[in-house]
Every structure is written in structure tokens, then in C-alpha cells.
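Report on the structure given below.
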Amino acid sequence: MDAAPMTFDPRVTEEGDNRPHFRSLLRENWVSVMTDCLVFGSFGMGVAILGPTLFDLGCQTSASLRELNWVFFVQLLMTLVGSVSAGCLAQRFIPVHVLMLIGMTGLPFTMLLVPACTEFAELLLNLMLMGWCMGCIDCVANLRMIIRFGTNVSPFLQAMHFCYGLGAFISPMIAAMFTLDVDCSHPVNGKVTIDNFENTSNSSQPQVTTQVSVSRAQHLSHSERAFFILASIQFFFTAIVIVVIILEKKRVISSGVTVSQSTSMMSVLSPTSDEQDLRDISGQTYCFCFGTRETVVVILITSASLFLYDGLQSSYADYIYSFAIKNVKGLQKGEGAYLNACFWGTFALGRLIAIPCATRLTAAFMLTCNLGGCAFALLVTLIFRGNHVVTYFGTCVLGLFLSSMSPTIMSLTELFIDINAPIASCLVVSAALGETLCPVIVGNLFVASGPPSFLIFCTVLALLSGILYGAVYFYGKNTPKYRGLKSDSFVWITKFRKQREETNPFKPISVKYYSQKDRDKTQTVEGEIEFPNNMAEDGDLYNSPYSPG
């Protein structure tokens with residue numbers, strides 16, 4: 001009688017260790033991975049479109065610059081609310097693919113409605129809905145990717161976050177072709193000044209300024225075309241999402257995600273057997289939804305780190321143009337969109353480079369390089385803050401090294417603990433909170449203490465990030481999950497040497513025992529010994545060294 005071979009986790013190599021085969025994982029899940037990447041690209045477009053179109057939105061709604069500062073806060077605040085609500089809904093009520101579809105349907109609709117908002121209150125309400133959809137996408141896309149790949153998620157998270165940076169790079173480049181970039185909040189005798197109105201293509205000619213009325217300036221602005229183009233791209237992505245979800249539900253393709261309403265996140269509400277044993281042995285307190293005390297500490301440090309990373313990213317992207325105009329010599333006003341695009345372009349490039357790096361280098365080593373590069377770029381820009389070339393150099397270097405910090409810290413956290421829906425929501429909420437609050441702090445410092453305070457604040461964030469990284473790494477090394485992996489190198493991804501466990505009738509193992517003729521009758525249940533229904537009658541259990549009998 002031929003016995004069926006033992007089955008292994010698909011993330012495990014043929015040699016029996018769990019060194020990942022990333023190409024094999026991508027080959028098995030490429031449709032779902034590409035779909036999540038497109039979704040995150042749409043998220044990036046929504047984040048980056050407001051900055052380059054801010055003055056045109058002011059002309060459109062007759063709002064002052066002080067009032068326009070609220071558009072960033074409202075959108076990012078609702079992104080935070082969307083992340084929280086999506087995590088709660090995914091945990092108890094709504095499947096994650098439905099939440100993703102809701103977010104991807106609402107985002108292009110709200111993008112399309114922005115040019116129709118002629119009153120400032122209408123614009124704020126529309127941006128609130130857009131922010132909620134973006135937060136929903138942020139939480140659900142990260143959750144799907146983490147659940148799909150587990151500890152092997154690093155290069156796939158980098159790829160998804162690269163698409164975020166690519167979308168954020170595309171937005172200002174498209175907007176730069178259609179925006180007027182004129183402040184209509186302080187007209188003189190009912191007119192505003194437009195620079196280079198008649199001769200924008202020939203930089204060798206003297207600068208031309210034209211006085212036009214506010215209504216004429218509103219007519220000359222074509223920012224609505226940028227919103228229409230981005231909304232069209234996002235509608236196309238939404239159609240792809242719908243098709244992929246239908247194929248996943250019909251099991252034509254595999255999503256790799258086992259989270260649904262039925263199984264949803266309810267399993268995370270009760271401790272697993274291993275966690276229960278750990279609590280009984282060590283006397284640690286189990287925290288509802290999150291796990292042991294060690295897990296809670298890792299979550300808190302990681303959440304604080306993401307708060308700083310995304311706060312630094314949002315603050316620099318929002319205020320580097322204003323800083324450069326007021327503090328850098330030789331920088332023309334028209335360069336603002338391109339300086340912003342330089343940041344997002346190198347941001348996207350950094351995430352692209354991080355994809356192959358994540359297949360060879362450990363998350364801990366990559367994060368060390370990222371933090372060092374960010375600190376270097378900010379210190380150089382701060383020291384030579386009036387230099388035109390250094391401003392571009394510092395912006396590009398910062399975007400390059402800042403790009404992969406958020407997905408890398410999430411990959412590192414997955415090595416320490418198992419990330420479920422409540423934990424993913426907590427991490428995303430912390431990042432969104434940093435994006436919301438830090439620009440507000442920078443804006444007040446900018447007015448009260450001058451432009452250099454902007455760079456000082458960003459440098460402090462980078463240094464605090466380094467301290468938190470050291471804390472999470474040295475604390476996380478002592479978690480049971482990381483100790484069980486036994487990584488051989490700090491720099492290179494090598495095979496993990498799992499601690500061998502003694503098997504007994506009461507401890508489940510990931511091995512199947514059945515005869516060849518009954519193979520088709522057996523259903524796979526991960527982490528349990530599996531027997532066909534008629535195993536006891538036929539006596540087909542073979543004598544294996546792992547056999548409980």
C-alpha cells in the first residue's frame with residue numbers, strides 16, 4: 001500500500017526549511033497581488049493630488065489659504081476614520097473584498113466631484129468621503145497582503161507600496177499641465193496677477209505678468225481636467241477589481257486570503273492553544289484581540305514608528321515647496337510642482353528598488369539603511385538650507401530612503417508577532433494619525449518660528465524613529481515567534497532553523513496520513529492531523545515515525 005507523501009506549507013522550500021521562494025509565491029498569486037497593487041496606486045493618486053491643485057481649488061471655491069489648510073486635515077482625518085472603521089467592519093460584519101470594492105468605487109466618484117464643488121463647504125464634505133474611501137483601501141489592502149503571505153510578505157508589501165508612490169508621482173505630473181497656480185484669496189482691485197501667462201514655454205524671455213479678474217482666473221484654470229483623468233484611471237482599476245473579485249468568488253483564481261465574513265476575524269477574539277499555553281506557563285496577561293503582553297508592546301512601538309514615518313512623509317511632501325519658495329535662493333515659483341514630483345518620483349523609485357532588496361536582505365538591515373539615509377538627507381538639507389542644488393539633492397535622497405520604511409517595519413513586525421485584522425487596523429490608524437497631525441504641527445511652527453523650523457522638526461522625527469527602531473528590534477528578538485525562527489544573519493535572508501517540536505497525540509502537526517485511494521476524499525485542514533472518514537474502518541494508517549500510535 002502506497003502512502004501519500006507528507007505535505008508542506010507552500011511557503012516552505014523542498015529542502016524542508018522555510019526559506020521563501022518568492023517567485024513561486026508570485027506565480028501562484030500574481031493576479032491578486034497585481035490587483036492589490038493597482039488599488040494602492042489609486043490610493044497614492046488621491047493622497048498627492050491636493051498639494052499641486054491647492055491654489056486652483058482656492059480660486060474655484062473663493063477660499064483663503066488659511067481656509068484651504070483644512071482640506072489636508074479633513075482628508076487625512078477621514079483617512080484615519082476610514083482605517084478604523086474598515087478594521088472593525090472586517091473583524092465582525094463585512095468581508096474584506098467587499099470593503100475594498102466599496103473604497104475603490106467611492107474614490108473615483110469623489111475625485112470626479114471635486115471640480116463641481118464651487119463652495120468651500122461642498123469641497124470639505126466631498127474630501128471627507130474621499131478620505132474615508134482612502135482609509136478603507138489602506139487598511140484592507142495591507143491586511144489582504146499580510147494574510148496572504150505571512151512572514152514572507154516583505155517584497156510583496158514593497159511592491160504594493162511602490163505602486164502607492166507611483167500613483168503619488170503621477171498625480172502632480174498630471175496636475176502640473178493644467179493648474180494655474182495663482183492665489184486668488186487677495187485680489188487687488190478685483191484682479192490677481194498671473195506669472196508667465198503669455199509666455200510660459202520660453203524661459204529665456206523676460207517674465208510676463210498679467211492682471212486678470214478672479215472670474216477670469218477661474219476660467220483659465222483647467223485643473224478639472226487633471227481630476228477627470230485621474231478619476232478615469234481609477235474607474236478602470238475599479239473595473240479590474242470587480243472582475244478579479246468575481247473570479248475569486250467563483251474560485252477560478254485563488255486570492256490566497258482566507259478572511260471572509262464567516263471565518264472573518266472572529267478567530268482572533270479567542271487565544272490560540274499556543275498562546276493559551278504560553279499564558280499558563282509564563283503568567284502573562286492575554287489582551288483582547290491583540291494577544292500577550294509582549295505582542296501589545298511590539299504593537300505599540302510599531303504604531304509609534306509608523307506615526308513618525310508617515311508624519312515625516314506627509315510633512316515634507318506638503319511643506320517642501322513652501323519652504324523652498326521662502327528660503328531657497330534661485331527657486332522659481334513654477335518649480336514647486338516639479339520639486340514635489342521629485343520627492344514622489346524618488347519615493348516610487350525607492351520602493352521599486354526595495355522589491356528585489358526585500359528578497360535578499362532582512363527587514364531589520366533595510367530599515368537600518370533607511371533611517372541612516374533619511375537622517376543624512378535631512379541634516380545636509382538643514383545645514384545648507386539656502387542652497388538650490390542641495391534642496392533638490394536632499395529631497396531626492398530623502399524620498400529614496402523614506403519610501404520603504406513603512407512596509408519594512410510592518411514586515412519586521414510580522415517576524416515578531418502574527419498580524420491579524422485588529423492589529424493591522426491599529427498600525428494603519430497610527431500611520432494615518434501621523435499623516436494628519438504632523439502637518440498641522442509643522443504649519444504652526446512654520447508661521448511662528450520661520451521656514452527652518454520645518455526642517456528641524458523633520459530631523460527630530462527621523463532621530464526619534466531611530467530610537468524606536470532599536471527598541472522594537474531588541475524587544476522583538478525575545479518574542480516566542482522570532483526565537484522559533486532562529487535567523488542566521490542580520491543582513492541576508494537565510495534559511496530559518498525552526499526548533500524541532502516533539503509530536504504527541506495532543507499537539508497538532510502539519511502532516512497528513514492517508515492511503516492513496518482515499519486521497520481525494522480528504523479535506524485539508526492546516527495545522528491538524530487529517531484522517532479520511534473511513535480511516536478507522538479500513539485501517540489505512542501507516543506506521544510513520546510521526547504517527548501518534
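Within each chain, counting starts at residue 1; across the C-alpha cells, chains are named A, B, ... in the order shown, with ligands numbered 1 upward in that order.
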
Requested in this report: Just the residues within 10 Å of stretch 152-156 of chain A, please, counting only C-alpha atoms, with nothing from its chain fewer than 3 positions along; format it as a ChimeraX atom specification.
Outcome: /A:11,18-22,25-26,33-34,36-37,145-149,159-162,351-352,354-363,407-412,414-415

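Reported to one decimal place, the separation of atom CA of A:Phe401 from atom CA of A:Gly350 is 6.4 Å.
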
Query raised in the report: Of the candidates A:Val298, A:Val243, A:Met366, A:Ile320, which one gets nearest to A:Cys426 if we count only C-alpha atoms?
Result: A:Val298

Query raised in the report: Would you give me, as a ChimeraX atom specification, the residues in stretch 221-440 of chain A that DSSP reads as alpha helix (DSSP H)?
Result: /A:223-249,273-282,293-327,336-360,363-383,388-402,405-416,421-440

Query raised in the report: Near A:Met128, within 9 Å and counting only C-alpha atoms, which residues show up once chain neighbours fewer than 6 positions away are dropped, as number ranges by chain?
Result: A: 71, 74-79

With C-alpha atoms retained, export the selected residues as an mmCIF file, in the first residue's frame.
```
data_model
loop_
_atom_site.group_PDB
_atom_site.id
_atom_site.type_symbol
_atom_site.label_atom_id
_atom_site.label_comp_id
_atom_site.auth_asym_id
_atom_site.auth_seq_id
_atom_site.Cartn_x
_atom_site.Cartn_y
_atom_site.Cartn_z
ATOM 1 C CA VAL A 71 -8.516 70.396 3.163
ATOM 2 C CA VAL A 74 -10.085 66.880 6.748
ATOM 3 C CA GLN A 75 -8.958 64.388 4.122
ATOM 4 C CA LEU A 76 -6.302 62.815 6.344
ATOM 5 C CA LEU A 77 -8.589 62.786 9.377
ATOM 6 C CA MET A 78 -11.223 60.872 7.444
ATOM 7 C CA THR A 79 -8.499 58.545 6.169
#
```

Query - Nearest to A:Val297, chosen from A:Val31, A:Leu65, A:Leu382, A:Ala471, with only C-alpha atoms counted in the distances - result: A:Ala471

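Candidate residues A:Val241, A:Leu157, A:Leu101, A:Ala48 were compared for distance to A:Ala175, and the nearest is A:Ala48, using only C-alpha atoms.
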